Amino acid sequence: MSGDAAGADTVWSDAIKAAHVLALDPHGIGGIWVRCRRGGAVEQWLAYMQQCLKADVPYVRIPLNADDGRLLGGLDLASTLGAGTPIVERGLLAEAHGGIALLPNAECVRPGTLYALAAALDNGALAIERDGMSVRIESRIGVVALDEGGELAAPALRERLALQLDLTAVRAQNACAMPVDRTSLERARAALASVDVPAEAIEAICSACVALGIGSMRASLFAIKVARASAALAGRETIENEDLAFAVRLVLAPRATQIPAEQPAEQPDEEEEAPPPTEPPGNESADTTNKNEIDPQHLDDLLVAAAAAALPQSILDALRSGSQANRRKGAFGRSGTKQKSQIHGRRLGARRGDPRRGSPLDLIATLRAAAPWQTLRRREARTLRSTQVQDGMTHGMHIRAMDFRVRQFKNKRETSTIFVVDASGSAALHRLAEAKGAIELLLADCYSRRDHVALVSFRGKSANVLLPPTRSLARVKRQVTALPGGGGTPLAAAADCAVALADAESRKGRTPSVVFLTDGKANIDRKGAATRDGAMVDALSAGRAMRLSKCPAIVIDTSPRPSVQSGQFAAEMGAKYVLLPYAGAHALSDAVKKIK
Amino acid sequence: MRYAFPFTAIVAQDEMKLALLIAAIDPSVGGVLVLGDRGTGKSTAVRALAALLPHMAVIEGCRFNGDPRTGCSAGSHCSACSSDKAGGVRHEPVPVVDLPLGATEDRVVGALNLEKALLSGLKEFEPGLLARAHRGFLYIDEVNLLEDHLVDLLLDVSASGENVVERDGLSVRHAARFVLVGSGNPEEGELRPQLLDRFGLSLDIETPQDIKTRVEIVKRRDAFDRDPAGFVAAWSAAEAETRQQLVDARARLSGVASPDHALERAAQICMEAGADGLRGELTLVRAARALAALEGDSAVSDQHLRHVAPLVLRHRLRRDPLDETGETARVDRAIREVFGSSGERHVI
């Protein structure tokens, strides 16, 4: 317990320092990505961070539903039409220039917003090409992205934010922020440019990146910048171990894709294992004397050890089990597919709407909607003429925002196929290899349909999503080939898992279908206990849940003779039942095609 | 004043630099597809190359990037060029246009100018991203996540060099010659093979795993971030040299001969590698010719073909979606078959 509390304290002191680093140079380090719980310590952190900023630095909140007009600026269509002259509104990103853009709920942000943020972070400016304007606006922003849910923000955004912080473990009452020491912040800001970066420090950061399997060069650059800011905050003239350790904890460790344990540990000294405790920034440590004693090799090991210690448990688990959670398909593409229905597909007709929310304007329908009002509006304009002389007001069409009609489209939904593979001992004994072959066959079909494919395997006590829905069939095949067998048959858990996944897929706008490959001999119930009868009861109830979810399913029986259980399971789900031995390549793929 | 990172200061990534140079010398080679992780310098390289190129002359006020020597291609649809006071010339940096992932078709190809149509009843064409990218670069990050119909459209335009718009009662065609650079991570979704084939060159890129190289990258980028003006000034000599090389290569390009035996070799390589269609051969010869022009040679030789073959063919091999055998290995094997195993691939 006390260990947890101590861990949370370290996180909080890191968070305080991260706020200082961010305040020094928001655009230089891109910003910070914070995972947090609603009502947790994040409110205190945000308040503290805001205090750290200089008084004249903008702090702009970007709402989830901000459209391109609000974000980038452009013509204010409604007032433009009302006034008869172009009225330009200033975008949020231009307002945030030189300061901070706060992005709450970063995990469900629109792709358009993500793109604009990424462009602003990369170039410090945005080129705007809309509504007949062609301008370039300065937008040197730092982004504070908050993830309050379980899902992660798009990788393209996370990649561009130097600092990554996990505040989920910090409770609000433990997050006591001391008053901001503005004078030392000012001093650090002035000193930032002159902080010396020794070559050994760059080398150490780079080798830590290699050891942690971090491909992106942005990570190394960010780590150097953060270390420099950390040194400036501590009043040092050169980067020291402590600064590097801080950078490793907040920049490199969260990006790790492999555990650095395979590095040969040349110096197994226990004292090096723990990262040096972070000192409060105001407290200057006066050990500038030993700066020439940095031993590169020693430093490398130190950093790698620090990174390993700072790896969050969840990442460690994910890395150990081999599933690369951090390689998931990003929200970028996913939400892009959702948007599809707005812009193409079969035309359904027109309805009232704002043409700048993504749906194209239906000009003819708009004119038609405006036509009946023309006499009235012209009369209205004539009475206005005495006070406001505008050319466009008395002749030509009078079109108001209420006339806008946008096109609607119906789009064929994308499909996804979820494979649920029985890798238990009984199945492995019989024909796991054949099941794998069958999957490969079906994958070729999925390829021609451009399906998304997910892979769930169940054995022992539970079912695991080996691969979240992806279009990369090479990855699916790799996973299937490497699928180990053995253990009990938790069929109920597998069906539950498939229902959850299918549900998630349909919420993303895809049409899921599930393919079970099992012999149906369930022997592990939902609680994980090995009881054959209980297991079967649970499996059948899970099957009913599957039927209720209305997701089409197929059961491919992998046992050598038709098994009663798998037949029952299929019937309970309302699924089609195919026996593997009799299902040739074509029969199999036909069967799967028919359930669509 | 904003500075772009100097092209010559980019560490390693020689293959990407070569591919971009070839595409800049002869845009008819087709686009460049760069596959690989984030943070490997793809976008930096494209911007750097655009900044390296000499400024281009543009008709004053023309929104189609019209060349004063040949005139604006949009004709009466360009308000600046159709008016009487046209004739001014301004010099502009070569454009690099980013295509946002959520871009709609009308923003890409251009559409009716709504404001003008509604306020004054004028039917005017509002040029899209393609017009803005004319004579420059069009950069698409995560091209594999872009909707297929958009990729299709882009490849069409980049191959024909012309954007034809028939929509909203408008009928416009204007020149849109640009170098298409697409990037993406194949782990996040694949590009349809039909589209793959239409990129001229492709390469896989990864972060150097060598620590010395990485240190050098970080040092240079950090130096650039701290003092862009000073850094750019320090590299200006090298930049000027490469710029001259490029300008010379462009001038030389039309004079580079492609003798029959070189064409024969190109066909042999394509057949041996199992690349379908004739596009591969055409591109191979074009790319080799651009390389010859870059190196100051007067004719395409085996060396040139050999050097560009992996870039041209890697993504054109007939392939099983489930087969993971490295395409590079297959191209290398074909090259060895044709040329014999003697001789290393030379490096410029």
# chains A, B, ... in the order shown; residues from 1 in each chain; ligands from 1
call {"tool": "closest_atom_pairs", "arguments": {"of": "chain A", "to": "chain B", "cutoff": "6 Å", "atoms": "only C-alpha atoms", "output": "Markdown table"}}
result
| residue | atom | partner | partner_atom | distance |
| --- | --- | --- | --- | --- |
| A:Gly112 | CA | B:Gly102 | CA | 5.7 |
| A:Ile202 | CA | B:Val215 | CA | 6.0 |
| A:Glu203 | CA | B:Val215 | CA | 5.7 |
| A:Ser207 | CA | B:Ile211 | CA | 5.9 |
| A:Gly215 | CA | B:Thr207 | CA | 5.5 |
| A:Ser216 | CA | B:Gly39 | CA | 4.1 |
| A:Met217 | CA | B:Gly39 | CA | 5.1 |
| A:Arg218 | CA | B:Gly39 | CA | 5.5 |
| A:Leu221 | CA | B:Val218 | CA | 5.7 |
| A:Lys329 | CA | B:Glu188 | CA | 5.2 |
| A:Gly333 | CA | B:Leu145 | CA | 5.3 |
| A:Arg471 | CA | B:Gly189 | CA | 5.0 |
| A:Ser472 | CA | B:Gly189 | CA | 5.3 |
| A:Ala474 | CA | B:Leu322 | CA | 5.2 |
call {"tool": "residues_around", "arguments": {"residues": "B:Ile59", "least_positions_apart": "5", "cutoff": "12 Å", "atoms": "only C-alpha atoms", "output": "list in words"}}
result
Phe64, Asn65, Gly66, Asp67, Pro68, Arg69, Thr70, Gly71, Cys72, Ser73, Cys78, Ser79, Ala80, Cys81, Ser82, Lys85, Ala86, Gly87, Gly88, Val89, Arg90, His91 and Glu92 of chain B
call {"tool": "atom_distance", "arguments": {"atom1": "atom CA of A:Val421", "atom2": "atom CA of A:Leu466"}}
result
10.2 Å
call {"tool": "residues_around", "arguments": {"residues": "B:His261", "least_positions_apart": "5", "cutoff": "10 Å", "atoms": "only C-alpha atoms", "output": "number ranges by chain"}}
result
B: 266-267, 300-302
call {"tool": "residues_around", "arguments": {"residues": "stretch 152-160 of chain B", "least_positions_apart": "4", "cutoff": "8 Å", "atoms": "only C-alpha atoms", "output": "PyMOL selection string"}}
result
chain B and resi 28+30-31+148+176-180+195+198-199
call {"tool": "write_last_selection", "arguments": {"atoms": "C-alpha atoms", "output": "CSV table (one decimal), in the first residue's frame"}}
result
chain,number,residue,atom,x,y,z
B,28,SER,CA,6.7,11.8,-65.0
B,30,GLY,CA,5.2,9.0,-60.9
B,31,GLY,CA,4.9,9.4,-57.2
B,148,ASP,CA,-9.5,4.4,-52.1
B,176,ALA,CA,-1.6,19.7,-62.2
B,177,ARG,CA,1.9,18.3,-62.5
B,178,PHE,CA,3.3,17.5,-59.1
B,179,VAL,CA,5.4,14.9,-57.4
B,180,LEU,CA,3.1,12.8,-55.3
B,195,LEU,CA,-2.9,1.5,-56.4
B,198,ARG,CA,0.7,3.3,-59.9
B,199,PHE,CA,3.3,4.8,-57.6
call {"tool": "residues_around", "arguments": {"residues": "stretch 523-536 of chain A", "least_positions_apart": "6", "cutoff": "7 Å", "atoms": "only C-alpha atoms", "output": "list in words"}}
result
Lys461, Gly488, Thr489, Pro490, Ala492 and Ala493 of chain A
call {"tool": "closest_residue", "arguments": {"among": "B:Val34, B:Val29, B:Leu49, B:Val109", "to": "B:Thr242", "atoms": "only C-alpha atoms"}}
result
B:Leu49
